$ cat coords.txt   # compact mmCIF, N, CA and C atoms
# COMPACT_ATOMS: atom_id res chain seq x y z
N MET D 12 -2.73 -15.46 4.34
CA MET D 12 -4.06 -15.52 3.76
C MET D 12 -5.11 -14.93 4.70
N GLU D 13 -4.81 -14.91 5.97
CA GLU D 13 -5.78 -14.38 6.93
C GLU D 13 -5.56 -12.90 7.23
N GLN D 14 -4.60 -12.28 6.54
CA GLN D 14 -4.39 -10.86 6.77
C GLN D 14 -5.47 -10.07 6.04
N ALA D 15 -5.64 -8.82 6.44
CA ALA D 15 -6.66 -7.97 5.84
C ALA D 15 -6.31 -7.68 4.38
N TYR D 16 -7.33 -7.73 3.53
CA TYR D 16 -7.15 -7.38 2.13
C TYR D 16 -7.15 -5.87 2.03
N VAL D 17 -6.06 -5.27 1.54
CA VAL D 17 -5.89 -3.82 1.60
C VAL D 17 -6.89 -3.04 0.75
N LYS D 18 -7.47 -3.65 -0.26
CA LYS D 18 -8.43 -2.94 -1.10
C LYS D 18 -9.88 -3.23 -0.71
N ALA D 19 -10.07 -3.89 0.42
CA ALA D 19 -11.44 -4.19 0.87
C ALA D 19 -12.14 -2.89 1.25
N GLU D 20 -13.39 -2.77 0.84
CA GLU D 20 -14.16 -1.56 1.12
C GLU D 20 -14.41 -1.37 2.61
N ASP D 21 -14.66 -2.48 3.32
CA ASP D 21 -14.93 -2.37 4.74
C ASP D 21 -13.67 -2.46 5.60
N GLY D 22 -12.55 -2.83 4.99
CA GLY D 22 -11.29 -2.95 5.72
C GLY D 22 -11.20 -4.17 6.61
N LYS D 23 -12.21 -5.02 6.56
CA LYS D 23 -12.25 -6.20 7.43
C LYS D 23 -12.13 -7.51 6.66
N GLN D 24 -12.23 -7.46 5.36
CA GLN D 24 -12.20 -8.66 4.54
C GLN D 24 -10.77 -9.21 4.48
N THR D 25 -10.63 -10.53 4.63
CA THR D 25 -9.31 -11.15 4.54
C THR D 25 -9.00 -11.52 3.09
N VAL D 26 -7.74 -11.81 2.83
CA VAL D 26 -7.32 -12.22 1.49
C VAL D 26 -8.04 -13.51 1.11
N ALA D 27 -8.14 -14.45 2.04
CA ALA D 27 -8.80 -15.74 1.76
C ALA D 27 -10.26 -15.53 1.37
N LYS D 28 -10.97 -14.66 2.10
CA LYS D 28 -12.38 -14.40 1.78
C LYS D 28 -12.51 -13.72 0.42
N TYR D 29 -11.59 -12.81 0.12
CA TYR D 29 -11.62 -12.14 -1.18
C TYR D 29 -11.42 -13.14 -2.31
N LEU D 30 -10.47 -14.05 -2.14
CA LEU D 30 -10.22 -15.07 -3.16
C LEU D 30 -11.44 -15.95 -3.36
N GLN D 31 -12.12 -16.32 -2.28
CA GLN D 31 -13.34 -17.13 -2.39
C GLN D 31 -14.40 -16.38 -3.18
N GLN D 32 -14.57 -15.09 -2.87
CA GLN D 32 -15.57 -14.26 -3.54
C GLN D 32 -15.28 -14.16 -5.04
N VAL D 33 -14.06 -13.85 -5.39
CA VAL D 33 -13.70 -13.69 -6.80
C VAL D 33 -13.77 -15.03 -7.53
N SER D 34 -13.38 -16.09 -6.85
CA SER D 34 -13.45 -17.43 -7.44
C SER D 34 -14.88 -17.78 -7.84
N LYS D 35 -15.85 -17.43 -6.98
CA LYS D 35 -17.26 -17.68 -7.29
C LYS D 35 -17.71 -16.82 -8.47
N GLU D 36 -17.25 -15.55 -8.50
CA GLU D 36 -17.66 -14.64 -9.56
C GLU D 36 -17.18 -15.10 -10.93
N VAL D 37 -15.94 -15.59 -11.00
CA VAL D 37 -15.39 -15.99 -12.30
C VAL D 37 -15.65 -17.46 -12.62
N GLY D 38 -16.09 -18.22 -11.63
CA GLY D 38 -16.40 -19.63 -11.85
C GLY D 38 -15.19 -20.52 -12.04
N ALA D 39 -14.08 -20.15 -11.42
CA ALA D 39 -12.85 -20.95 -11.53
C ALA D 39 -12.05 -20.81 -10.25
N ASP D 40 -11.19 -21.80 -10.00
CA ASP D 40 -10.32 -21.72 -8.83
C ASP D 40 -9.23 -20.69 -9.07
N ILE D 41 -8.88 -19.98 -8.02
CA ILE D 41 -7.82 -18.98 -8.10
C ILE D 41 -6.72 -19.38 -7.13
N LYS D 42 -5.48 -19.35 -7.61
CA LYS D 42 -4.34 -19.69 -6.76
C LYS D 42 -3.36 -18.53 -6.74
N ILE D 43 -2.80 -18.27 -5.58
CA ILE D 43 -1.76 -17.25 -5.45
C ILE D 43 -0.43 -17.92 -5.76
N THR D 44 0.28 -17.39 -6.74
CA THR D 44 1.57 -17.99 -7.12
C THR D 44 2.75 -17.17 -6.61
N GLY D 45 2.48 -15.97 -6.12
CA GLY D 45 3.55 -15.13 -5.59
C GLY D 45 2.96 -13.90 -4.94
N PHE D 46 3.77 -13.21 -4.18
CA PHE D 46 3.29 -12.00 -3.53
C PHE D 46 4.46 -11.08 -3.25
N VAL D 47 4.16 -9.82 -2.98
CA VAL D 47 5.15 -8.81 -2.62
C VAL D 47 4.73 -8.23 -1.29
N ARG D 48 5.68 -8.09 -0.38
CA ARG D 48 5.39 -7.56 0.94
C ARG D 48 5.65 -6.05 0.95
N PHE D 49 4.65 -5.30 1.38
CA PHE D 49 4.77 -3.86 1.54
C PHE D 49 4.51 -3.51 3.00
N GLU D 50 5.17 -2.49 3.48
CA GLU D 50 4.93 -2.02 4.84
C GLU D 50 4.45 -0.58 4.73
N THR D 51 3.48 -0.21 5.54
CA THR D 51 2.94 1.13 5.50
C THR D 51 4.04 2.16 5.70
N GLY D 52 4.13 3.12 4.79
CA GLY D 52 5.12 4.18 4.90
C GLY D 52 6.50 3.79 4.40
N GLU D 53 6.69 2.58 3.98
CA GLU D 53 7.99 2.12 3.53
C GLU D 53 8.42 2.90 2.29
N GLY D 54 9.64 3.36 2.27
CA GLY D 54 10.18 4.07 1.13
C GLY D 54 9.99 5.57 1.18
N LEU D 55 9.23 6.06 2.12
CA LEU D 55 9.04 7.50 2.24
C LEU D 55 10.12 8.08 3.14
N GLU D 56 10.74 9.13 2.69
CA GLU D 56 11.74 9.80 3.49
C GLU D 56 11.33 11.25 3.66
N LYS D 57 11.37 11.71 4.88
CA LYS D 57 11.01 13.09 5.15
C LYS D 57 12.25 13.96 4.98
N LYS D 58 12.12 14.99 4.18
CA LYS D 58 13.21 15.92 3.96
C LYS D 58 13.28 16.88 5.15
N SER D 59 14.44 17.03 5.72
CA SER D 59 14.55 17.99 6.83
C SER D 59 15.49 19.11 6.39
N GLU D 60 14.90 20.25 6.11
CA GLU D 60 15.67 21.41 5.68
C GLU D 60 15.32 22.59 6.57
N ASP D 61 16.27 23.47 6.70
CA ASP D 61 16.07 24.69 7.47
C ASP D 61 15.38 25.70 6.55
N PHE D 62 14.16 26.09 6.91
CA PHE D 62 13.38 26.99 6.07
C PHE D 62 14.10 28.32 5.87
N ALA D 63 14.70 28.85 6.93
CA ALA D 63 15.40 30.13 6.83
C ALA D 63 16.57 30.03 5.86
N ALA D 64 17.29 28.91 5.91
CA ALA D 64 18.42 28.72 5.01
C ALA D 64 17.93 28.58 3.57
N GLU D 65 16.80 27.94 3.39
CA GLU D 65 16.23 27.79 2.06
C GLU D 65 15.83 29.14 1.48
N VAL D 66 15.21 29.99 2.30
CA VAL D 66 14.82 31.33 1.85
C VAL D 66 16.06 32.15 1.53
N ALA D 67 17.08 32.07 2.37
CA ALA D 67 18.32 32.81 2.14
C ALA D 67 18.98 32.36 0.84
N ALA D 68 18.96 31.07 0.56
CA ALA D 68 19.54 30.56 -0.67
C ALA D 68 18.79 31.09 -1.88
N GLN D 69 17.46 31.20 -1.78
CA GLN D 69 16.66 31.72 -2.89
C GLN D 69 16.92 33.21 -3.10
N MET D 70 17.15 33.93 -2.01
CA MET D 70 17.41 35.37 -2.10
C MET D 70 18.78 35.63 -2.74
N ASN D 71 19.72 34.74 -2.52
CA ASN D 71 21.07 34.91 -3.07
C ASN D 71 21.18 34.44 -4.50
N ALA D 72 20.20 33.72 -4.98
CA ALA D 72 20.27 33.17 -6.35
C ALA D 72 19.95 34.20 -7.39
$ encode --input "coords.txt" --output "structure tokens"
Amino acid sequence: MEQAYVKAEDGKQTVAKYLQQVSKEVGADIKITGFVRFETGEGLEKKSEDFAAEVAAQMNA
């Protein structure tokens, strides 16, 4: 709850502070019932190909 809220405009707002803010705006208590953990860059794979081999393959096609 004390981690940074990723969609915060200033990048400094915590999840707890965001929940308090939204709770006041809607006039009701908000509870987190579940969450998903993401890590920056997770799931991205860099393709490593030889550019010369790629050009040669295109020339032979």
$ atom_distance --input "coords.txt" --atom1 "atom N of Ala27 in chain D" --atom2 "atom N of Ala15 in chain D"
7.6 Å
$ atom_distance --input "coords.txt" --atom1 "CA of Gln14 in chain D" --atom2 "CA of Leu30 in chain D"
12.3 Å
$ residues_around --input "coords.txt" --residues "Val17 in chain D" --least-positions-apart "4" --cutoff "12 Å" --atoms "only C-alpha atoms" --output "list in words"
Glu13, Asp21, Gly22, Lys23, Gln24, Thr25, Val26, Tyr29, Arg48, Phe49, Glu50 and Thr51 of chain D
$ write_last_selection --input "coords.txt" --atoms "N, CA and C atoms" --output "compact mmCIF listing (two decimals), in the frame of the given file"
# COMPACT_ATOMS: atom_id res chain seq x y z
N GLU D 13 -4.81 -14.91 5.97
CA GLU D 13 -5.78 -14.38 6.93
C GLU D 13 -5.56 -12.90 7.23
N ASP D 21 -14.66 -2.48 3.32
CA ASP D 21 -14.93 -2.37 4.74
C ASP D 21 -13.67 -2.46 5.60
N GLY D 22 -12.55 -2.83 4.99
CA GLY D 22 -11.29 -2.95 5.72
C GLY D 22 -11.20 -4.17 6.61
N LYS D 23 -12.21 -5.02 6.56
CA LYS D 23 -12.25 -6.20 7.43
C LYS D 23 -12.13 -7.51 6.66
N GLN D 24 -12.23 -7.46 5.36
CA GLN D 24 -12.20 -8.66 4.54
C GLN D 24 -10.77 -9.21 4.48
N THR D 25 -10.63 -10.53 4.63
CA THR D 25 -9.31 -11.15 4.54
C THR D 25 -9.00 -11.52 3.09
N VAL D 26 -7.74 -11.81 2.83
CA VAL D 26 -7.32 -12.22 1.49
C VAL D 26 -8.04 -13.51 1.11
N TYR D 29 -11.59 -12.81 0.12
CA TYR D 29 -11.62 -12.14 -1.18
C TYR D 29 -11.42 -13.14 -2.31
N ARG D 48 5.68 -8.09 -0.38
CA ARG D 48 5.39 -7.56 0.94
C ARG D 48 5.65 -6.05 0.95
N PHE D 49 4.65 -5.30 1.38
CA PHE D 49 4.77 -3.86 1.54
C PHE D 49 4.51 -3.51 3.00
N GLU D 50 5.17 -2.49 3.48
CA GLU D 50 4.93 -2.02 4.84
C GLU D 50 4.45 -0.58 4.73
N THR D 51 3.48 -0.21 5.54
CA THR D 51 2.94 1.13 5.50
C THR D 51 4.04 2.16 5.70
$ atom_distance --input "coords.txt" --atom1 "CA of Val33 in chain D" --atom2 "CA of Met12 in chain D"
14.4 Å
$ select_by_dssp --input "coords.txt" --residues "chain D" --states "helix (DSSP H, G or I)" --output "ChimeraX atom specification"
/D:26-37,62-71
$ axis_aligned_box --input "coords.txt" --around "range 41-59 of chain D" --padding-each-side "6 Å" --output "AutoDock Vina command-line options"
--center_x 3.3 --center_y -0.4 --center_z -0.6 --size_x 36.4 --size_y 51.1 --size_z 26.9
$ decode --input "coords.txt" --residues "range 21-72 of chain D" --atoms "C-alpha atoms" --output "CSV table (one decimal), in the first residue's frame"
chain,number,residue,atom,x,y,z
D,21,ASP,CA,3.7,13.4,-9.9
D,22,GLY,CA,5.1,9.9,-9.5
D,23,LYS,CA,5.2,10.4,-5.7
D,24,GLN,CA,1.7,9.4,-4.7
D,25,THR,CA,1.3,6.1,-2.9
D,26,VAL,CA,-1.4,3.6,-3.5
D,27,ALA,CA,-2.8,4.3,0.0
D,28,LYS,CA,-3.0,8.0,-0.7
D,29,TYR,CA,-4.7,7.4,-4.1
D,30,LEU,CA,-7.3,5.2,-2.4
D,31,GLN,CA,-8.0,7.9,0.2
D,32,GLN,CA,-8.4,10.5,-2.6
D,33,VAL,CA,-10.8,8.4,-4.7
D,34,SER,CA,-12.7,7.2,-1.7
D,35,LYS,CA,-13.5,10.9,-0.8
D,36,GLU,CA,-14.4,11.6,-4.5
D,37,VAL,CA,-16.9,8.8,-4.7
D,38,GLY,CA,-18.1,9.1,-1.1
D,39,ALA,CA,-17.6,5.4,-0.3
D,40,ASP,CA,-15.0,3.1,1.2
D,41,ILE,CA,-12.8,1.4,-1.3
D,42,LYS,CA,-11.1,-2.0,-0.6
D,43,ILE,CA,-8.5,-3.8,-2.6
D,44,THR,CA,-9.6,-7.4,-3.1
D,45,GLY,CA,-6.7,-8.5,-5.3
D,46,PHE,CA,-3.7,-7.3,-7.2
D,47,VAL,CA,-1.3,-8.4,-10.0
D,48,ARG,CA,2.5,-7.9,-9.6
D,49,PHE,CA,4.3,-6.4,-12.6
D,50,GLU,CA,8.0,-5.8,-12.9
D,51,THR,CA,9.4,-3.1,-15.2
D,52,GLY,CA,10.5,-4.6,-18.5
D,53,GLU,CA,9.0,-8.0,-17.6
D,54,GLY,CA,8.1,-10.0,-20.7
D,55,LEU,CA,10.2,-8.1,-23.1
D,56,GLU,CA,12.7,-10.1,-25.1
D,57,LYS,CA,15.3,-8.5,-27.2
D,58,LYS,CA,15.8,-10.1,-30.6
D,59,SER,CA,19.5,-10.6,-31.4
D,60,GLU,CA,20.0,-11.2,-35.1
D,61,ASP,CA,22.9,-10.6,-37.4
D,62,PHE,CA,22.0,-7.7,-39.7
D,63,ALA,CA,24.3,-8.9,-42.4
D,64,ALA,CA,22.7,-12.4,-42.4
D,65,GLU,CA,19.3,-10.8,-42.4
D,66,VAL,CA,20.2,-8.8,-45.5
D,67,ALA,CA,21.7,-11.8,-47.2
D,68,ALA,CA,18.6,-13.8,-46.5
D,69,GLN,CA,16.4,-11.1,-48.1
D,70,MET,CA,18.7,-10.9,-51.2
D,71,ASN,CA,18.4,-14.7,-51.6
D,72,ALA,CA,14.6,-14.7,-51.3
